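Raw contents of final09.cif, mmCIF, C-alpha atoms; chains and numbers go by the auth columns:
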data_start
#
loop_
_atom_site.group_PDB
_atom_site.id
_atom_site.type_symbol
_atom_site.label_atom_id
_atom_site.label_comp_id
_atom_site.label_asym_id
_atom_site.label_seq_id
_atom_site.Cartn_x
_atom_site.Cartn_y
_atom_site.Cartn_z
_atom_site.B_iso_or_equiv
_atom_site.auth_seq_id
_atom_site.auth_asym_id
ATOM 1 C CA MET A 1 33.522 -66.373 -8.336 0.00 1318 E
ATOM 2 C CA ASP A 2 32.647 -66.899 -11.961 0.00 1319 E
ATOM 3 C CA TYR A 3 31.298 -64.324 -14.361 0.00 1320 E
ATOM 4 C CA PHE A 4 27.579 -65.331 -14.159 0.00 1321 E
ATOM 5 C CA THR A 5 27.463 -65.378 -10.358 0.00 1322 E
ATOM 6 C CA LYS A 6 29.106 -61.968 -10.239 0.00 1323 E
ATOM 7 C CA LYS A 7 26.654 -60.626 -12.832 0.00 1324 E
ATOM 8 C CA GLY A 8 23.653 -62.009 -10.884 0.00 1325 E
ATOM 9 C CA THR A 9 24.875 -60.412 -7.651 0.00 1326 E
ATOM 10 C CA ILE A 10 25.321 -57.052 -9.341 0.00 1327 E
ATOM 11 C CA PHE A 11 21.819 -57.337 -10.833 0.00 1328 E
ATOM 12 C CA TRP A 12 20.206 -58.003 -7.421 0.00 1329 E
ATOM 13 C CA ILE A 13 22.183 -55.171 -5.798 0.00 1330 E
ATOM 14 C CA PHE A 14 20.931 -52.868 -8.561 0.00 1331 E
ATOM 15 C CA VAL A 15 17.315 -54.040 -8.015 0.00 1332 E
ATOM 16 C CA LEU A 16 17.628 -53.526 -4.229 0.00 1333 E
ATOM 17 C CA LEU A 17 19.088 -50.014 -4.633 0.00 1334 E
ATOM 18 C CA THR A 18 16.349 -49.102 -7.127 0.00 1335 E
ATOM 19 C CA ILE A 19 13.654 -50.236 -4.681 0.00 1336 E
ATOM 20 C CA LEU A 20 15.297 -48.258 -1.849 0.00 1337 E
ATOM 21 C CA ASN A 21 15.467 -45.117 -4.014 0.00 1338 E
ATOM 22 C CA ILE A 22 11.825 -45.398 -5.059 0.00 1339 E
ATOM 23 C CA SER A 23 10.648 -45.968 -1.495 0.00 1340 E
ATOM 24 C CA THR A 24 12.748 -43.025 -0.254 0.00 1341 E
ATOM 25 C CA LEU A 25 11.311 -40.728 -2.917 0.00 1342 E
ATOM 26 C CA ALA A 26 7.787 -41.946 -2.148 0.00 1343 E
ATOM 27 C CA THR A 27 8.280 -41.244 1.571 0.00 1344 E
ATOM 28 C CA ILE A 28 9.663 -37.771 0.907 0.00 1345 E
ATOM 29 C CA GLY A 29 6.830 -37.013 -1.519 0.00 1346 E
ATOM 30 C CA TYR A 30 4.215 -38.283 0.914 0.00 1347 E
ATOM 31 C CA HIS A 31 5.509 -36.057 3.721 0.00 1348 E
ATOM 32 C CA HIS A 32 6.008 -33.080 1.425 0.00 1349 E
ATOM 33 C CA PHE A 33 2.433 -33.083 0.135 0.00 1350 E
ATOM 34 C CA ARG A 34 0.881 -33.960 3.485 0.00 1351 E
ATOM 35 C CA ARG A 35 2.408 -31.078 5.449 0.00 1352 E
ATOM 36 C CA PRO A 36 0.400 -27.887 5.966 0.00 1353 E
ATOM 37 C CA LEU A 37 0.828 -25.314 3.269 0.00 1354 E
ATOM 38 C CA HIS A 38 2.872 -22.192 3.781 0.00 1355 E
ATOM 39 C CA PRO A 39 1.087 -19.682 6.049 0.00 1356 E
ATOM 40 C CA HIS A 40 0.938 -17.069 3.285 0.00 1357 E
ATOM 41 C CA PHE A 41 -1.770 -19.016 1.483 0.00 1358 E
ATOM 42 C CA GLU A 42 -5.369 -18.162 2.386 0.00 1359 E
ATOM 43 C CA HIS A 43 -6.465 -21.716 3.065 0.00 1360 E
ATOM 44 C CA SER A 44 -3.726 -22.218 5.648 0.00 1361 E
ATOM 45 C CA LEU A 45 -4.290 -19.154 7.812 0.00 1362 E
ATOM 46 C CA PRO A 46 -3.872 -19.828 11.513 0.00 1363 E
ATOM 47 C CA ARG A 47 -6.698 -21.834 12.977 0.00 1364 E
ATOM 48 C CA PRO A 48 -8.735 -20.052 15.657 0.00 1365 E
ATOM 49 C CA ALA A 49 -6.996 -21.997 18.455 0.00 1366 E
ATOM 50 C CA HIS A 50 -3.568 -21.018 17.135 0.00 1367 E
ATOM 51 C CA PHE A 51 -4.760 -17.456 16.596 0.00 1368 E
ATOM 52 C CA ASP A 52 -6.051 -17.289 20.189 0.00 1369 E
ATOM 53 C CA LYS A 53 -2.746 -18.614 21.558 0.00 1370 E
ATOM 54 C CA MET A 54 -0.830 -16.038 19.562 0.00 1371 E
ATOM 55 C CA GLN A 55 -3.066 -13.222 20.824 0.00 1372 E
ATOM 56 C CA LYS A 56 -2.727 -14.499 24.392 0.00 1373 E
ATOM 57 C CA ARG A 57 1.085 -14.482 24.140 0.00 1374 E
ATOM 58 C CA ILE A 58 1.072 -10.923 22.808 0.00 1375 E
ATOM 59 C CA GLU A 59 -1.340 -9.897 25.541 0.00 1376 E
ATOM 60 C CA ASN A 60 0.818 -11.429 28.276 0.00 1377 E
ATOM 61 C CA PHE A 61 3.961 -9.907 26.773 0.00 1378 E
ATOM 62 C CA TYR A 62 2.517 -6.390 26.863 0.00 1379 E
ATOM 63 C CA LYS A 63 1.000 -6.897 30.289 0.00 1380 E
ATOM 64 C CA LYS A 64 4.313 -8.035 31.754 0.00 1381 E
ATOM 65 C CA ARG A 65 6.648 -5.589 29.990 0.00 1382 E
ATOM 66 C CA LEU A 66 4.441 -2.520 30.381 0.00 1383 E
ATOM 67 C CA GLU A 67 3.076 -3.478 33.804 0.00 1384 E
ATOM 68 C CA LEU A 68 -0.504 -2.972 32.634 0.00 1385 E
ATOM 69 C CA THR A 69 -3.456 -2.867 34.976 0.00 1386 E
ATOM 70 C CA GLU A 70 -6.329 -5.277 34.351 0.00 1387 E
ATOM 71 C CA GLN A 71 -8.344 -2.508 32.701 0.00 1388 E
ATOM 72 C CA GLN A 72 -5.433 -1.554 30.447 0.00 1389 E
ATOM 73 C CA SER A 73 -4.843 -5.202 29.644 0.00 1390 E
ATOM 74 C CA GLU A 74 -8.462 -5.596 28.530 0.00 1391 E
ATOM 75 C CA GLN A 75 -8.198 -2.467 26.398 0.00 1392 E
ATOM 76 C CA PHE A 76 -4.993 -3.792 24.806 0.00 1393 E
ATOM 77 C CA LYS A 77 -6.706 -7.106 24.125 0.00 1394 E
ATOM 78 C CA ASP A 78 -9.641 -5.395 22.421 0.00 1395 E
ATOM 79 C CA LEU A 79 -7.368 -3.106 20.394 0.00 1396 E
ATOM 80 C CA GLN A 80 -5.158 -6.014 19.342 0.00 1397 E
ATOM 81 C CA SER A 81 -8.124 -8.106 18.238 0.00 1398 E
ATOM 82 C CA ALA A 82 -9.631 -5.232 16.255 0.00 1399 E
ATOM 83 C CA HIS A 83 -6.246 -4.525 14.664 0.00 1400 E
ATOM 84 C CA PHE A 84 -5.751 -8.129 13.520 0.00 1401 E
ATOM 85 C CA GLN A 85 -9.229 -8.179 12.021 0.00 1402 E
ATOM 86 C CA SER A 86 -8.719 -4.859 10.226 0.00 1403 E
ATOM 87 C CA ILE A 87 -5.563 -5.966 8.419 0.00 1404 E
ATOM 88 C CA ARG A 88 -6.520 -9.578 7.733 0.00 1405 E
ATOM 89 C CA SER A 89 -8.532 -8.810 4.583 0.00 1406 E
ATOM 90 C CA ALA A 90 -5.730 -6.595 3.256 0.00 1407 E
ATOM 91 C CA HIS A 91 -3.265 -9.461 3.681 0.00 1408 E
ATOM 92 C CA LYS A 92 -5.634 -11.733 1.746 0.00 1409 E
ATOM 93 C CA LYS A 93 -5.894 -9.176 -1.059 0.00 1410 E
ATOM 94 C CA ILE A 94 -2.108 -8.853 -1.217 0.00 1411 E
ATOM 95 C CA ARG A 95 -1.660 -12.634 -1.453 0.00 1412 E
ATOM 96 C CA LYS A 96 -4.277 -12.832 -4.197 0.00 1413 E
ATOM 97 C CA ALA A 97 -2.720 -9.970 -6.189 0.00 1414 E
ATOM 98 C CA LYS A 98 0.765 -11.469 -5.813 0.00 1415 E
ATOM 99 C CA ARG A 99 -0.486 -14.822 -7.112 0.00 1416 E
ATOM 100 C CA GLU A 100 -2.125 -13.081 -10.079 0.00 1417 E
ATOM 101 C CA LEU A 101 1.046 -11.063 -10.680 0.00 1418 E
ATOM 102 C CA PHE A 102 3.186 -14.187 -10.680 0.00 1419 E
ATOM 103 C CA ILE A 103 0.853 -15.977 -13.111 0.00 1420 E
ATOM 104 C CA ALA A 104 0.581 -12.920 -15.348 0.00 1421 E
ATOM 105 C CA THR A 105 4.357 -12.501 -15.417 0.00 1422 E
ATOM 106 C CA TRP A 106 4.753 -15.883 -17.108 0.00 1423 E
ATOM 107 C CA LYS A 107 2.050 -15.341 -19.711 0.00 1424 E
ATOM 108 C CA ALA A 108 3.384 -14.148 -23.043 0.00 1425 E
ATOM 109 C CA SER A 109 0.217 -12.150 -23.739 0.00 1426 E
ATOM 110 C CA THR A 110 0.334 -10.091 -20.532 0.00 1427 E
ATOM 111 C CA LYS A 111 0.726 -6.369 -21.055 0.00 1428 E
ATOM 112 C CA THR A 112 2.911 -4.187 -18.870 0.00 1429 E
ATOM 113 C CA ASP A 113 -0.175 -2.167 -17.852 0.00 1430 E
ATOM 114 C CA THR A 114 -1.746 -5.264 -16.309 0.00 1431 E
ATOM 115 C CA LEU A 115 1.386 -5.955 -14.286 0.00 1432 E
ATOM 116 C CA GLN A 116 1.516 -2.320 -13.169 0.00 1433 E
ATOM 117 C CA GLN A 117 -2.128 -2.462 -12.043 0.00 1434 E
ATOM 118 C CA LEU A 118 -1.439 -5.560 -9.940 0.00 1435 E
ATOM 119 C CA ILE A 119 1.622 -3.918 -8.415 0.00 1436 E
ATOM 120 C CA GLN A 120 -0.514 -0.840 -7.656 0.00 1437 E
ATOM 121 C CA GLN A 121 -3.122 -3.026 -5.922 0.00 1438 E
ATOM 122 C CA ILE A 122 -0.416 -4.575 -3.757 0.00 1439 E
ATOM 123 C CA ASN A 123 0.993 -1.128 -2.925 0.00 1440 E
ATOM 124 C CA GLU A 124 -2.438 0.208 -1.950 0.00 1441 E
ATOM 125 C CA GLN A 125 -3.101 -2.701 0.395 0.00 1442 E
ATOM 126 C CA GLN A 126 0.372 -2.456 1.898 0.00 1443 E
ATOM 127 C CA ARG A 127 -0.164 1.261 2.471 0.00 1444 E
ATOM 128 C CA TYR A 128 -3.479 0.473 4.191 0.00 1445 E
ATOM 129 C CA ILE A 129 -1.727 -2.040 6.462 0.00 1446 E
ATOM 130 C CA GLU A 130 0.979 0.478 7.372 0.00 1447 E
ATOM 131 C CA GLU A 131 -1.661 3.117 8.147 0.00 1448 E
ATOM 132 C CA GLN A 132 -3.487 0.593 10.337 0.00 1449 E
ATOM 133 C CA HIS A 133 -0.258 -0.197 12.190 0.00 1450 E
ATOM 134 C CA ILE A 134 0.287 3.492 12.939 0.00 1451 E
ATOM 135 C CA GLU A 135 -3.323 3.951 14.102 0.00 1452 E
ATOM 136 C CA HIS A 136 -2.962 0.851 16.262 0.00 1453 E
ATOM 137 C CA ILE A 137 0.243 2.147 17.861 0.00 1454 E
ATOM 138 C CA GLN A 138 -1.445 5.506 18.550 0.00 1455 E
ATOM 139 C CA ALA A 139 -4.423 3.748 20.127 0.00 1456 E
ATOM 140 C CA LEU A 140 -2.121 1.643 22.326 0.00 1457 E
ATOM 141 C CA LYS A 141 -0.235 4.784 23.313 0.00 1458 E
ATOM 142 C CA GLU A 142 -3.457 6.464 24.496 0.00 1459 E
ATOM 143 C CA VAL A 143 -4.142 3.600 26.892 0.00 1460 E
ATOM 144 C CA CYS A 144 -0.710 3.908 28.543 0.00 1461 E
ATOM 145 C CA SER A 145 0.611 6.246 31.215 0.00 1462 E
ATOM 146 C CA LYS A 146 3.676 8.398 30.388 0.00 1463 E
ATOM 147 C CA GLU A 147 6.046 5.821 31.908 0.00 1464 E
ATOM 148 C CA GLN A 148 4.346 2.985 30.037 0.00 1465 E
ATOM 149 C CA GLN A 149 4.488 5.000 26.797 0.00 1466 E
ATOM 150 C CA THR A 150 8.276 5.190 27.135 0.00 1467 E
ATOM 151 C CA ARG A 151 8.473 1.403 27.546 0.00 1468 E
ATOM 152 C CA LEU A 152 6.013 0.891 24.692 0.00 1469 E
ATOM 153 C CA LYS A 153 8.148 3.080 22.448 0.00 1470 E
ATOM 154 C CA LYS A 154 11.220 0.939 23.219 0.00 1471 E
ATOM 155 C CA LEU A 155 9.299 -2.294 22.575 0.00 1472 E
ATOM 156 C CA ILE A 156 7.841 -1.095 19.297 0.00 1473 E
ATOM 157 C CA SER A 157 11.175 0.299 18.094 0.00 1474 E
ATOM 158 C CA LYS A 158 12.538 -3.268 18.297 0.00 1475 E
ATOM 159 C CA SER A 159 9.521 -4.656 16.472 0.00 1476 E
ATOM 160 C CA PRO A 160 9.704 -5.904 12.869 0.00 1477 E
ATOM 161 C CA LEU A 161 6.952 -3.385 12.107 0.00 1478 E
ATOM 162 C CA VAL A 162 9.424 -0.553 12.584 0.00 1479 E
ATOM 163 C CA ARG A 163 12.873 -2.039 11.895 0.00 1480 E
ATOM 164 C CA PRO A 164 14.068 -2.255 8.317 0.00 1481 E
ATOM 165 C CA HIS A 165 14.040 -5.817 7.020 0.00 1482 E
ATOM 166 C CA HIS A 166 17.321 -5.688 5.138 0.00 1483 E
ATOM 167 C CA GLY A 167 20.549 -3.807 5.145 0.00 1484 E
ATOM 168 C CA PRO A 168 22.488 -2.107 7.921 0.00 1485 E
ATOM 169 C CA PRO A 169 20.783 -0.567 10.924 0.00 1486 E
ATOM 170 C CA PRO A 170 19.539 2.985 10.410 0.00 1487 E
ATOM 171 C CA LEU A 171 21.953 5.814 11.073 0.00 1488 E
ATOM 172 C CA PRO A 172 21.455 7.895 14.217 0.00 1489 E
ATOM 173 C CA PRO A 173 19.952 11.350 13.682 0.00 1490 E
ATOM 174 C CA PRO A 174 22.479 14.118 13.033 0.00 1491 E
ATOM 175 C CA PRO A 175 23.459 16.276 16.015 0.00 1492 E
ATOM 176 C CA HIS A 176 21.556 19.548 16.326 0.00 1493 E
#
Do you think you could lay out the structure here as structure tokens?
Amino acid sequence: MDYFTKKGTIFWIFVLLTILNISTLATIGYHHFRRPLHPHFEHSLPRPAHFDKMQKRIENFYKKRLELTEQQSEQFKDLQSAHFQSIRSAHKKIRKAKRELFIATWKASTKTDTLQQLIQQINEQQRYIEEQHIEHIQALKEVCSKEQQTRLKKLISKSPLVRPHHGPPPLPPPPH
């Protein structure tokens, strides 16, 4: 093969590989920007159908594990729905404050006081959510019999609401 034929072949291979790379990047970009946004953003909160399915699964889980009566199951459903609604706005406020905090962190003109205020807002909302979780657990407990309360305690102790998110498991209490 002479020099010019070899050079022409290399040129067309280069053109073909460039086209493949561009089309691959375009496909990846198309799918990346088309997918739903992360659930932590307000505009991508679960749709009502998804929200209803999630509530139904939780309802069935409690009903099965705690052996709830129909009346108890209805009470759990009402309590669960009210609980989700009570903490939803706090989650929105936390997301908003975190976005503002992130933006403010990168601004050269942002004062430390502003950052501290945003952190305080996040802490207040998180505290509200934790208080709502405790009230919700107490309300669920009141619906249950003594035997069901024992099972509920075991279920909730395994829940992410109670378990630490990082690090080793908590130490057992010291002997008395």
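In this model, the gap between CA of Tyr1445 (chain E) and CA of Ile1404 (chain E) comes to 8.0 Å.
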>> Using only C-alpha atoms, which protein or nucleic acid residues come within 12 Å of Ile1375 (chain E)? Drop anything in the same chain fewer than 2 positions from it, and give the result as a list in words.
In response: Phe1368, Asp1369, Lys1370, Met1371, Gln1372, Lys1373, Asn1377, Phe1378, Tyr1379, Lys1380, Lys1381, Arg1382, Leu1383, Ser1390, Phe1393, Lys1394, Leu1396, Gln1397, Ser1398, Phe1401 and Leu1472 of chain E
Output C-alpha atoms for every residue in that selection, as a short mmCIF file (atom, residue, chain, number, x, y, z; two decimals), keeping the file's coordinate frame.
data_model
loop_
_atom_site.label_atom_id
_atom_site.label_comp_id
_atom_site.auth_asym_id
_atom_site.auth_seq_id
_atom_site.Cartn_x
_atom_site.Cartn_y
_atom_site.Cartn_z
CA PHE E 1368 -4.76 -17.46 16.60
CA ASP E 1369 -6.05 -17.29 20.19
CA LYS E 1370 -2.75 -18.61 21.56
CA MET E 1371 -0.83 -16.04 19.56
CA GLN E 1372 -3.07 -13.22 20.82
CA LYS E 1373 -2.73 -14.50 24.39
CA ASN E 1377 0.82 -11.43 28.28
CA PHE E 1378 3.96 -9.91 26.77
CA TYR E 1379 2.52 -6.39 26.86
CA LYS E 1380 1.00 -6.90 30.29
CA LYS E 1381 4.31 -8.04 31.75
CA ARG E 1382 6.65 -5.59 29.99
CA LEU E 1383 4.44 -2.52 30.38
CA SER E 1390 -4.84 -5.20 29.64
CA PHE E 1393 -4.99 -3.79 24.81
CA LYS E 1394 -6.71 -7.11 24.12
CA LEU E 1396 -7.37 -3.11 20.39
CA GLN E 1397 -5.16 -6.01 19.34
CA SER E 1398 -8.12 -8.11 18.24
CA PHE E 1401 -5.75 -8.13 13.52
CA LEU E 1472 9.30 -2.29 22.58
#
> From the set E:Glu1447, E:Ala1456, E:Lys1410, E:Thr1322, which residue has the shortest atom-to-atom contact distance to Leu1435 (chain E), counting all atoms listed in the file?
Replying inline: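 Closest candidate: E:Lys1410.
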> So how far away is CA of Glu1376 (chain E) from CA of Glu1459 (chain E), in Å?
Replying inline: 16.5 Å
> Care to translate the PyMOL selection byres ((chain E and resi 1411) around 12) into actual residues of this file, as a ChimeraX atom specification?
Replying inline: /E:1357-1359,1404-1410,1412-1418,1435-1446
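The smallest atom-to-atom distance between Gln1434 (chain E) and any of E:Leu1469, E:Phe1331, E:Leu1457, E:Ala1421, using all atoms listed in the file, is found for E:Ala1421.
The space separating CA of Gln1466 (chain E) from CA of His1453 (chain E) comes to 13.6 Å.
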